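**Q** To start, I am sharing the structure in question, which I have written as structure tokens.
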Amino acid sequence: MIARAVATLLFVVLATPAVRQLLESVMLTHMLVQIPLLVAVGALLGATLPTRWEARLAEWNRGGVSGIALALIVSSWWMVPRALDLALASPAMEAAKFVSLPLFVGAPLALSWRRLGSLGRGFVLANVLPMWAVVGWLYIAAPMRVCNYYLVDQQVAAGTGLLWVSGVVGVVACALGFRSNGRSQAAT
Amino acid sequence: MRDVSWLRTAAALLVISTFGGGALWCGTDGFRAFTSEQARRNAVARAPRSIPDVRLESADGRTFTFADLRGRPVAVDFVYTQCKSICTLLSAGFERIDHAQRSRTAGERLPLLSISFDPRDTPDRLMTYATRYHADGQSWRLARLRDTSDLPALLRAFGIVVIPDGRGDFQHNAAVHIVDSSGRLSRVLDANATPDLVARAALGQ
């Protein structure tokens with residue numbers, strides 16, 4: 001109940017013109033604050049889905065495979081520089097961002113992550129984290145501006161941020177992975 | 001009851017990858033445009049677009065419109081005279097093109113047109129800039145908009161996004177644009193395109 005209220009509140013706050021303007025005026029906060037928070041809204045809603053609905057969805061999401069595929073495909077679109085430009089230039093694309101990130105990335109992620117199993121989770125992370133790092137590096141090293149609406153120094157900041165996120169998530173995931181591995185070994 | 005969840009998951013996966021992959025395909029012009037600039041170039045090459053017939057004022061104070069230029073292709077770029085970065089590359093490129101075609105008669109040359117999007121650029125400033133790059137004002141004209149209120153429509157038609165950086169300079173996407181003999185924007189080339197490449201693009205090759 002509380003999680004759902006928090007998610008709704010967060011969504012409403014993110015959607016207010018002032019907050020949108022604030023977060024989207026800088027590439028770094030657009031990519032690494034607004035987008036992750038929209039995903040978090042969906043994740044909170046997905047994690048608190050009524051059991052009946054969750055069971056029905058699970059019928060179509062065995063092992064979390066289809067949910068994670070949906071989240072990966074939709075989130076990869078929002079990594080494309082053109083998508084960021086379009087979100088700023090067209091209200092329809094901006095609306096699509098606010099709908100697709102919670103609904104097609106956050107919620108399926110929450111509903112599928114645990115079902116993936118440790119092998120599946122490792123596989124996803126081993127693909128996604130290097131991709132973020134490469135995109136981040138491209139933003140830093142590109143000889144040109146990749147977004148028409150952002151200045152070059154902002155692009156470098158966003159790239160650096162992506163590299164950091166990729167690194168930190170990688171380290172945390174490794175630490176958690178080793179810890180649970182140690183636990184299961186201790187249990188046997 | 002038989003467990004059909006594997007079947008359903010496979011069906012869901014098929015739908016997701018078809019629609020998701022299709023959407024990604026469309027959004028990136030078939031995985032060929034990951035930036036707005038590339039998408040603009042692809043779109044122009046696919047479907048040349050008409051441009052508003054705005055009134056321009058050249059460095060020597062003469063006014064003209066895009067309609068006056070029809071009948072032959074024109075290479076167009078967008079600059080501002082105080083620019084210290086990408087415009088210098090564009091203008092050096094135009095100087096190279098202009099120099100390469102010096103031996104030809106006026107009728108055989110590809111006309112060059114540099115349009116300033118900076119309202120601070122007066123004809124005087126444009127003239128100083130033209131002198132710096134040895135533009136003669138005939139085969140290579142420097143111009144500004146007669147009426148700055150026409151600027152947004154012109155930039156939109158060309159697909160140029162200009163952002164003031166807050167320190168008196170601008171960031172803008174830079175390219176060489178070919179406006180064909182019927183006055184349509186027909187090709188967009190890299191800022192550092194060679195004279196040969198620009199000449200061939202102007203001929204529709």
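In the structure tokens, chains take letters A, B, ... by order of appearance, with residues numbered from 1 within each chain and ligands from 1 in the order shown.
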Dump as a Markdown table the rows for residues of chain B within 12 Å of chain A: closest atom pair and distance in Å with one decimal, only C-alpha atoms counted, ordered by chain and rising residue number.

**A**
| residue | atom | partner | partner_atom | distance |
| --- | --- | --- | --- | --- |
| B:Asp3 | CA | A:Glu59 | CA | 9.1 |
| B:Val4 | CA | A:Glu59 | CA | 7.8 |
| B:Ser5 | CA | A:Glu59 | CA | 4.8 |
| B:Trp6 | CA | A:Arg62 | CA | 6.2 |
| B:Leu7 | CA | A:Trp60 | CA | 8.1 |
| B:Arg8 | CA | A:Trp60 | CA | 4.9 |
| B:Thr9 | CA | A:Trp60 | CA | 4.3 |
| B:Ala10 | CA | A:Ser66 | CA | 7.7 |
| B:Ala11 | CA | A:Trp60 | CA | 8.0 |
| B:Ala12 | CA | A:Ser66 | CA | 6.2 |
| B:Leu13 | CA | A:Ser66 | CA | 4.9 |
| B:Leu14 | CA | A:Ser66 | CA | 8.7 |
| B:Val15 | CA | A:Ser66 | CA | 9.4 |
| B:Ile16 | CA | A:Leu70 | CA | 6.0 |
| B:Ser17 | CA | A:Ala69 | CA | 7.5 |
| B:Thr18 | CA | A:Ile73 | CA | 10.6 |
| B:Phe19 | CA | A:Ile73 | CA | 9.7 |
| B:Gly20 | CA | A:Ile73 | CA | 6.0 |
| B:Gly21 | CA | A:Ile73 | CA | 7.3 |
| B:Gly22 | CA | A:Ile73 | CA | 10.3 |
| B:Ala23 | CA | A:Trp77 | CA | 8.7 |
| B:Leu24 | CA | A:Trp77 | CA | 6.4 |
| B:Trp25 | CA | A:Trp77 | CA | 9.9 |
| B:Cys26 | CA | A:Trp77 | CA | 10.8 |
| B:Gly27 | CA | A:Ala83 | CA | 7.9 |
| B:Thr28 | CA | A:Arg82 | CA | 7.9 |
| B:Asp29 | CA | A:Arg82 | CA | 10.7 |
| B:Phe31 | CA | A:Val80 | CA | 10.6 |
| B:Arg32 | CA | A:Arg82 | CA | 11.4 |
| B:Ala33 | CA | A:Arg82 | CA | 7.9 |
| B:Phe34 | CA | A:Arg82 | CA | 5.6 |
| B:Thr35 | CA | A:Arg82 | CA | 4.4 |
| B:Ser36 | CA | A:Arg82 | CA | 4.8 |
| B:Glu37 | CA | A:Asn148 | CA | 7.3 |
| B:Gln38 | CA | A:Arg82 | CA | 9.0 |
| B:Ala39 | CA | A:Arg82 | CA | 8.1 |
| B:Arg40 | CA | A:Arg82 | CA | 10.4 |
| B:Ser85 | CA | A:Met144 | CA | 11.6 |
| B:Ile86 | CA | A:Met144 | CA | 9.9 |
| B:Arg156 | CA | A:Ala89 | CA | 11.3 |
| B:Gly159 | CA | A:Asn148 | CA | 9.8 |
| B:Ile160 | CA | A:Asn148 | CA | 8.4 |
| B:Val161 | CA | A:Asn148 | CA | 6.1 |
| B:Val162 | CA | A:Asn148 | CA | 8.1 |
| B:Ile163 | CA | A:Tyr149 | CA | 7.2 |
| B:Pro164 | CA | A:Leu151 | CA | 9.5 |
| B:Asp165 | CA | A:Leu151 | CA | 7.6 |
| B:Gly166 | CA | A:Leu151 | CA | 11.0 |
| B:Asp169 | CA | A:Leu151 | CA | 11.4 |
| B:Phe170 | CA | A:Leu151 | CA | 9.3 |
| B:Gln171 | CA | A:Leu151 | CA | 6.6 |
| B:His172 | CA | A:Asn148 | CA | 7.2 |
| B:Asn173 | CA | A:Asn148 | CA | 6.6 |
| B:Ala174 | CA | A:Met144 | CA | 9.9 |
| B:Ala175 | CA | A:Met144 | CA | 11.8 |
| B:Asp190 | CA | A:Met144 | CA | 11.1 |
| B:Ala191 | CA | A:Met144 | CA | 11.0 |

**Q** Could you dump the residues just selected with C-alpha atoms as a PDB file, in the first residue's frame?

**A**
ATOM      1  CA  ASP B   3       1.383 -26.851 -18.111  1.00  0.00           C
ATOM      2  CA  VAL B   4       1.088 -24.436 -20.990  1.00  0.00           C
ATOM      3  CA  SER B   5       3.187 -21.688 -19.397  1.00  0.00           C
ATOM      4  CA  TRP B   6       6.255 -22.528 -21.498  1.00  0.00           C
ATOM      5  CA  LEU B   7       4.175 -22.208 -24.640  1.00  0.00           C
ATOM      6  CA  ARG B   8       2.665 -18.956 -23.461  1.00  0.00           C
ATOM      7  CA  THR B   9       6.077 -17.596 -22.517  1.00  0.00           C
ATOM      8  CA  ALA B  10       7.413 -18.482 -25.954  1.00  0.00           C
ATOM      9  CA  ALA B  11       4.428 -16.715 -27.541  1.00  0.00           C
ATOM     10  CA  ALA B  12       4.972 -13.643 -25.330  1.00  0.00           C
ATOM     11  CA  LEU B  13       8.643 -13.632 -26.244  1.00  0.00           C
ATOM     12  CA  LEU B  14       7.776 -13.789 -29.936  1.00  0.00           C
ATOM     13  CA  VAL B  15       5.353 -10.866 -29.651  1.00  0.00           C
ATOM     14  CA  ILE B  16       7.791  -8.815 -27.573  1.00  0.00           C
ATOM     15  CA  SER B  17      10.742  -9.351 -29.872  1.00  0.00           C
ATOM     16  CA  THR B  18       8.671  -8.729 -33.008  1.00  0.00           C
ATOM     17  CA  PHE B  19       7.089  -5.500 -31.800  1.00  0.00           C
ATOM     18  CA  GLY B  20      10.054  -4.370 -29.718  1.00  0.00           C
ATOM     19  CA  GLY B  21      12.547  -5.139 -32.457  1.00  0.00           C
ATOM     20  CA  GLY B  22      10.243  -3.491 -34.997  1.00  0.00           C
ATOM     21  CA  ALA B  23       9.966  -0.368 -32.871  1.00  0.00           C
ATOM     22  CA  LEU B  24      13.741  -0.211 -32.439  1.00  0.00           C
ATOM     23  CA  TRP B  25      14.151  -0.726 -36.177  1.00  0.00           C
ATOM     24  CA  CYS B  26      11.773   2.154 -36.947  1.00  0.00           C
ATOM     25  CA  GLY B  27      13.213   4.415 -34.256  1.00  0.00           C
ATOM     26  CA  THR B  28      16.732   4.053 -35.602  1.00  0.00           C
ATOM     27  CA  ASP B  29      15.926   4.059 -39.348  1.00  0.00           C
ATOM     28  CA  PHE B  31      19.674   0.618 -37.149  1.00  0.00           C
ATOM     29  CA  ARG B  32      21.273   3.288 -39.351  1.00  0.00           C
ATOM     30  CA  ALA B  33      20.530   6.406 -37.278  1.00  0.00           C
ATOM     31  CA  PHE B  34      21.311   6.543 -33.581  1.00  0.00           C
ATOM     32  CA  THR B  35      21.562  10.326 -33.508  1.00  0.00           C
ATOM     33  CA  SER B  36      19.086  12.978 -34.620  1.00  0.00           C
ATOM     34  CA  GLU B  37      21.692  14.356 -37.013  1.00  0.00           C
ATOM     35  CA  GLN B  38      22.025  11.040 -38.849  1.00  0.00           C
ATOM     36  CA  ALA B  39      18.245  10.635 -38.899  1.00  0.00           C
ATOM     37  CA  ARG B  40      17.959  14.105 -40.475  1.00  0.00           C
ATOM     38  CA  SER B  85      34.863  25.855 -33.323  1.00  0.00           C
ATOM     39  CA  ILE B  86      32.851  23.978 -35.918  1.00  0.00           C
ATOM     40  CA  ARG B 156      13.383  24.007 -38.541  1.00  0.00           C
ATOM     41  CA  GLY B 159      16.821  20.659 -39.195  1.00  0.00           C
ATOM     42  CA  ILE B 160      19.382  22.891 -37.492  1.00  0.00           C
ATOM     43  CA  VAL B 161      19.189  23.131 -33.698  1.00  0.00           C
ATOM     44  CA  VAL B 162      20.978  26.138 -32.218  1.00  0.00           C
ATOM     45  CA  ILE B 163      21.492  26.361 -28.460  1.00  0.00           C
ATOM     46  CA  PRO B 164      23.055  29.396 -26.786  1.00  0.00           C
ATOM     47  CA  ASP B 165      25.707  28.135 -24.359  1.00  0.00           C
ATOM     48  CA  GLY B 166      25.200  31.069 -21.985  1.00  0.00           C
ATOM     49  CA  ASP B 169      28.457  31.344 -28.065  1.00  0.00           C
ATOM     50  CA  PHE B 170      26.210  28.756 -29.661  1.00  0.00           C
ATOM     51  CA  GLN B 171      26.270  25.012 -30.062  1.00  0.00           C
ATOM     52  CA  HIS B 172      24.725  23.859 -33.316  1.00  0.00           C
ATOM     53  CA  ASN B 173      24.744  20.882 -35.635  1.00  0.00           C
ATOM     54  CA  ALA B 174      27.002  21.602 -38.580  1.00  0.00           C
ATOM     55  CA  ALA B 175      26.804  20.218 -42.093  1.00  0.00           C
ATOM     56  CA  ASP B 190      29.570  16.117 -43.278  1.00  0.00           C
ATOM     57  CA  ALA B 191      31.027  19.486 -42.344  1.00  0.00           C
TER      58      ALA B 191
END

**Q** Excluding A:Leu129 and any residue of its chain fewer than 6 positions from it, enumerate the residues within 12 Å of it, using only C-alpha atoms, and give them as a CSV table (one decimal) with N, CA and C atoms, in the first residue's frame.

**A**
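Okay, selection-v9.csv is ready:
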chain,number,residue,atom,x,y,z
A,72,LEU,N,14.6,-5.2,-21.5
A,72,LEU,CA,15.9,-4.9,-22.2
A,72,LEU,C,15.7,-4.2,-23.5
A,76,SER,N,16.8,-0.3,-24.0
A,76,SER,CA,17.8,0.0,-24.9
A,76,SER,C,17.5,1.2,-25.8
A,121,ARG,N,20.3,-14.0,-14.1
A,121,ARG,CA,20.7,-12.6,-13.6
A,121,ARG,C,22.1,-12.3,-14.0
A,122,GLY,N,23.0,-13.2,-13.8
A,122,GLY,CA,24.4,-13.0,-14.2
A,122,GLY,C,24.5,-12.7,-15.7
A,123,PHE,N,23.8,-13.5,-16.5
A,123,PHE,CA,23.8,-13.3,-17.9
A,123,PHE,C,23.4,-11.9,-18.3
A,135,VAL,N,28.6,2.6,-24.1
A,135,VAL,CA,27.8,3.8,-24.5
A,135,VAL,C,28.4,5.0,-23.8
A,136,GLY,N,28.7,4.8,-22.5
A,136,GLY,CA,29.3,5.9,-21.7
A,136,GLY,C,30.6,6.4,-22.3
A,162,LEU,N,27.5,7.4,-16.8
A,162,LEU,CA,27.2,6.0,-17.2
A,162,LEU,C,28.3,5.0,-16.8
A,163,LEU,N,29.5,5.4,-17.1
A,163,LEU,CA,30.7,4.6,-16.7
A,163,LEU,C,30.7,4.3,-15.2
A,164,TRP,N,30.4,5.3,-14.4
A,164,TRP,CA,30.4,5.1,-13.0
A,164,TRP,C,29.3,4.1,-12.6
A,165,VAL,N,28.1,4.4,-13.1
A,165,VAL,CA,26.9,3.5,-12.8
A,165,VAL,C,27.2,2.1,-13.1
A,166,SER,N,27.8,1.9,-14.4
A,166,SER,CA,28.1,0.6,-14.8
A,166,SER,C,29.1,-0.1,-13.8
A,167,GLY,N,30.1,0.7,-13.5
A,167,GLY,CA,31.1,0.1,-12.5
A,167,GLY,C,30.6,-0.2,-11.2
A,168,VAL,N,29.8,0.8,-10.6
A,168,VAL,CA,29.3,0.6,-9.3
A,168,VAL,C,28.3,-0.6,-9.2
A,169,VAL,N,27.4,-0.6,-10.2
A,169,VAL,CA,26.4,-1.7,-10.2
A,169,VAL,C,27.1,-3.1,-10.4
A,170,GLY,N,28.2,-3.1,-11.2
A,170,GLY,CA,29.0,-4.3,-11.4
A,170,GLY,C,29.6,-4.8,-10.1
A,171,VAL,N,30.2,-3.8,-9.4
A,171,VAL,CA,30.9,-4.2,-8.1
A,171,VAL,C,29.8,-4.7,-7.1
A,172,VAL,N,28.7,-4.0,-7.0
A,172,VAL,CA,27.7,-4.3,-6.0
A,172,VAL,C,27.1,-5.7,-6.4
A,173,ALA,N,26.8,-5.9,-7.7
A,173,ALA,CA,26.3,-7.2,-8.1
A,173,ALA,C,27.3,-8.4,-7.8
A,174,CYS,N,28.5,-8.1,-8.0
A,174,CYS,CA,29.5,-9.2,-7.7
A,174,CYS,C,29.6,-9.5,-6.2

**Q** Identify all residues of stretch 9-200 of chain B in alpha helix (DSSP H) (DSSP on the backbone) and supply them as a PyMOL selection string.

**A** chain B and resi 9-27+36-46+66-69+86-100+123-132+151-158+195-200

**Q** Quick one, how far is atom CA of B:Arg167 from atom CA of B:Gln82?

**A** 11.8 Å

**Q** Could you check how far atom CA of A:Ala5 sits from atom CA of A:Ala107, in Å to one decimal?

**A** 15.3 Å

**Q** Under the rule that only C-alpha atoms are counted, which of A:Ala87, A:Ala110, A:Ile2, A:Met93 is the nearest residue to A:Ala40?

**A**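 Closest residue, counting only C-alpha atoms: A:Ala110.
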
**Q** By how many Å are atom CA of A:Arg56 and atom CA of A:Arg4 apart?

**A**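 Separating atom CA of A:Arg56 from atom CA of A:Arg4 is a distance of 19.8 Å.
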